[in-house]
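Okay, structure first, notes after.
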Amino acid sequence: MTLRLPIPSVLLLSGLLAATCDADAQTKVVQEADITAKKPQIEQIVNEISASRIDAYIRKLVSFQTRHTMSDATSDTVGIGAARRWIKQELERCGAGKLDVQFDSHIAPVGRRISRPTEIVNVVATLKGHTDSDRYYVVSGHYDSRATDVMDATSLAPGANDDASGTAAVMEMACVMARHRFDASIVFMTVAAEEQGLYGATHWAQQAREKNLNIAGMFTNDIIGSSRSEHGEIDNKTVRLFAEGVPALKELPEQTRTLIATGGESDSLSRQLARQVKEIGERYVPGFTVSIVHRRDRYLRGGDHIPFLERGYAALRFTEPNEDFNHQHQDVRVENGVQMGDLPEFVDPDYTANVTRINAAALASLALAPAAPSGVRVNTAQLENDTSIIWNTNKEPDLAGYRIVWRETTSSVWQGSILTGKVNAYTVKGKSKDNYFFGVQAIDQDGNVSVATYPLPGK
């Protein structure tokens, strides 16, 4: 391996490479086949996801009649209070002591879409990791619902698809995955007040930022229950995954400016996460496509991933491919012979289960894998047709090595890769940094692979 770096870098790297030589002798050699092979634990999780349980969760949530944020919080059968207490009890029951289930509560003052001071309560179930518990992955759905009038807290608002489907997916994942061990921690969260303005998710994301939590990735599942469009077209083999590139900020941080300057607009943290979700999800749910949409969200709408994006975290939104707006944000009624309203008969449990399986496979893979490499730099000290990359050494005890991936500048997914072994510098011969985008992934001894890190320029 030839490294063409400035002399100080060469001296540094020679020591780093020598230090890893003895460790390599003790490390299992991971092949590309180990990475792309299905892992038995993840296969088991995917196979345990149940469409019938998801359907039962959705129908139970609908039975509370309305889950409007300002609906009755004291009744045991109607309103948002009964819904959140049932969600918490169910997660405690199925978690069997493995899930730490808590209410996350705050009082929202009178404001946008809040007519009186209102308690906003998220139900948060945490599955602690065993070797890297301070690294978190968050998955959410919102359990509140609404009728046509967003301030109507009493009318029937079943919210079967928006968003009992996402809430049911999160509950099903929590119950299944609680029986397994992961390196990193996973937070299964059902949030409130999404329809009133993302209050629940914003509160939790802000707390996470203030605590400087290492949230390595966040998914929200919002409107994932229907495979039929308003025109009757059926697409039960695709889910949209919204992934923001460069955030629209008035003042860009230096790292984002560098990303733009090097043409890496599609290599944001969220886009890297989305590539990993697509690769892993489609591997474990064959015949199902994760369609990455290079946008933060749909026009005129927003979801609970946005407060995480606004605080610098990688965050994605899952949504069905063809929305039927007759069954969203509508009073339940028949109009011109058309049934309006978000009723459970318009939800496809089998489709919802497949979206849940995509989520679960990606979460499990991420939580089993090492952290993404840090300090990744590409050498730009001189003109050359090779690409030399350096990175910091990961700390995981079961680290097996690294994988460099690349793609042409017009491609949205990785097209090639090479395994480097347990080193922290490598030169890819014959692949110019001018012609390709690169990333570096960390691999453990079981072949679990991290999200890729985009290399910033360095000399």
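Numbering starts fresh at 1 for the residues of each chain in the structure tokens, the chains themselves are lettered A, B, ... in the order given, and ligands are numbered from 1 as they appear.
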*Which neighbours of segment 131-146 of chain A fall inside 8 Å, counting only C-alpha atoms, when residues of the same chain fewer than 6 positions from it are skipped, and could you give them as an MDAnalysis selection string?*
chainID A and resid 66:69 80 83:84 152:153 157:159 162:170 182:195 213:222 304 329:330 363 366:367 371
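The environment of Leu99 of chain A within 9 Å, counting only C-alpha atoms and disregarding residues fewer than 5 places along the same chain, consists of Leu91, Glu92, Cys94, Ala125, Thr126, Leu127, Lys128, Ala174, Cys175 and Ala178 of chain A.
Considering only C-alpha atoms, the residue among A:Trp406, A:Tyr284, A:Phe242, A:Tyr351 positioned nearest to His305 of chain A is A:Phe242.
Among the candidates A:Thr453, A:Thr410, A:Gln255, A:Ser388, the one nearest to Val376 of chain A when counting only C-alpha atoms is A:Thr453.
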*Name the residues of segment 80-271 of chain A that come out as strand (DSSP E or B) in a backbone DSSP run; write them as a ChimeraX atom specification.*
/A:100-108,111,114,118-127,132-142,157,184-191,214-221,228,234,238-243
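Here the question is which of A:Pro109, A:Pro253, A:Gly245, A:Pro307 gets nearest to Trp204 of chain A using only C-alpha atoms, and that residue is A:Pro307.
The environment of Glu244 of chain A within 8 Å, counting only C-alpha atoms and disregarding residues fewer than 4 places along the same chain, consists of Ser268, Ser270, Arg271, His294, Arg295, Arg296, Asp297 and Leu316 of chain A.
Near Thr380 of chain A, within 12 Å and counting only C-alpha atoms, sit Arg4, Leu5, Pro6, Thr262, Glu384, Asn385, Asp386, Thr387, Ser388, Ile389, Ile390, Ser432, Lys433, Asp434, Pro455, Leu456, Pro457, Gly458 and Lys459 of chain A, not including residues fewer than 4 positions from it in the same chain.
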Could you save those same residues with N, CA and C atoms as an mmCIF file, in the first residue's frame?
data_model
loop_
_atom_site.group_PDB
_atom_site.id
_atom_site.type_symbol
_atom_site.label_atom_id
_atom_site.label_comp_id
_atom_site.auth_asym_id
_atom_site.auth_seq_id
_atom_site.Cartn_x
_atom_site.Cartn_y
_atom_site.Cartn_z
ATOM 1 N N ARG A 4 0.491 8.646 -0.305
ATOM 2 C CA ARG A 4 1.112 9.877 -0.769
ATOM 3 C C ARG A 4 0.566 11.027 0.063
ATOM 4 N N LEU A 5 1.125 11.187 1.238
ATOM 5 C CA LEU A 5 0.689 12.223 2.163
ATOM 6 C C LEU A 5 1.896 13.069 2.556
ATOM 7 N N PRO A 6 1.681 14.266 3.087
ATOM 8 C CA PRO A 6 2.798 15.068 3.558
ATOM 9 C C PRO A 6 3.614 14.304 4.600
ATOM 10 N N THR A 262 -17.284 20.743 -1.751
ATOM 11 C CA THR A 262 -16.720 19.525 -2.346
ATOM 12 C C THR A 262 -17.752 18.722 -3.124
ATOM 13 N N GLU A 384 -3.196 13.748 -8.064
ATOM 14 C CA GLU A 384 -2.952 12.325 -8.280
ATOM 15 C C GLU A 384 -4.237 11.663 -8.740
ATOM 16 N N ASN A 385 -4.117 10.506 -9.328
ATOM 17 C CA ASN A 385 -5.262 9.748 -9.824
ATOM 18 C C ASN A 385 -5.689 8.639 -8.869
ATOM 19 N N ASP A 386 -5.020 8.537 -7.730
ATOM 20 C CA ASP A 386 -5.439 7.638 -6.659
ATOM 21 C C ASP A 386 -6.140 8.465 -5.585
ATOM 22 N N THR A 387 -6.707 7.807 -4.587
ATOM 23 C CA THR A 387 -7.375 8.513 -3.485
ATOM 24 C C THR A 387 -6.884 7.956 -2.159
ATOM 25 N N SER A 388 -6.236 8.813 -1.363
ATOM 26 C CA SER A 388 -5.695 8.418 -0.068
ATOM 27 C C SER A 388 -6.567 8.980 1.048
ATOM 28 N N ILE A 389 -7.000 8.102 1.943
ATOM 29 C CA ILE A 389 -7.943 8.478 3.004
ATOM 30 C C ILE A 389 -7.367 8.050 4.350
ATOM 31 N N ILE A 390 -7.585 8.862 5.368
ATOM 32 C CA ILE A 390 -7.158 8.570 6.737
ATOM 33 C C ILE A 390 -8.338 8.780 7.672
ATOM 34 N N SER A 432 -9.933 8.217 -8.753
ATOM 35 C CA SER A 432 -9.609 9.597 -8.415
ATOM 36 C C SER A 432 -10.704 10.235 -7.573
ATOM 37 N N LYS A 433 -10.289 10.944 -6.542
ATOM 38 C CA LYS A 433 -11.238 11.679 -5.697
ATOM 39 C C LYS A 433 -11.992 12.740 -6.484
ATOM 40 N N ASP A 434 -11.460 13.108 -7.678
ATOM 41 C CA ASP A 434 -12.145 14.075 -8.524
ATOM 42 C C ASP A 434 -13.360 13.469 -9.240
ATOM 43 N N PRO A 455 -15.565 11.711 3.671
ATOM 44 C CA PRO A 455 -14.257 12.316 4.007
ATOM 45 C C PRO A 455 -14.187 13.774 3.607
ATOM 46 N N LEU A 456 -13.839 14.613 4.548
ATOM 47 C CA LEU A 456 -13.596 16.029 4.259
ATOM 48 C C LEU A 456 -12.176 16.197 3.759
ATOM 49 N N PRO A 457 -11.886 17.256 3.021
ATOM 50 C CA PRO A 457 -10.539 17.434 2.494
ATOM 51 C C PRO A 457 -9.531 17.758 3.591
ATOM 52 N N GLY A 458 -8.339 17.218 3.465
ATOM 53 C CA GLY A 458 -7.271 17.487 4.419
ATOM 54 C C GLY A 458 -5.923 17.443 3.710
ATOM 55 N N LYS A 459 -4.955 18.136 4.280
ATOM 56 C CA LYS A 459 -3.608 18.172 3.694
ATOM 57 C C LYS A 459 -2.569 17.749 4.719
#
*Hey, can you check how far atom CA of Leu309 of chain A sits from atom CA of Lys211 of chain A?*
16.3 Å
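One finds atom CA of Lys39 of chain A at 20.9 Å from atom CA of Val405 of chain A.
Of the listed residues (A:Thr148, A:Ser411, A:Asn47, A:Thr258), A:Thr148 comes nearest to Met340 of chain A; the distances count only C-alpha atoms.
Atom pair atom CA of Gly401 of chain A / atom CA of Ile42 of chain A: separated by 21.3 Å.
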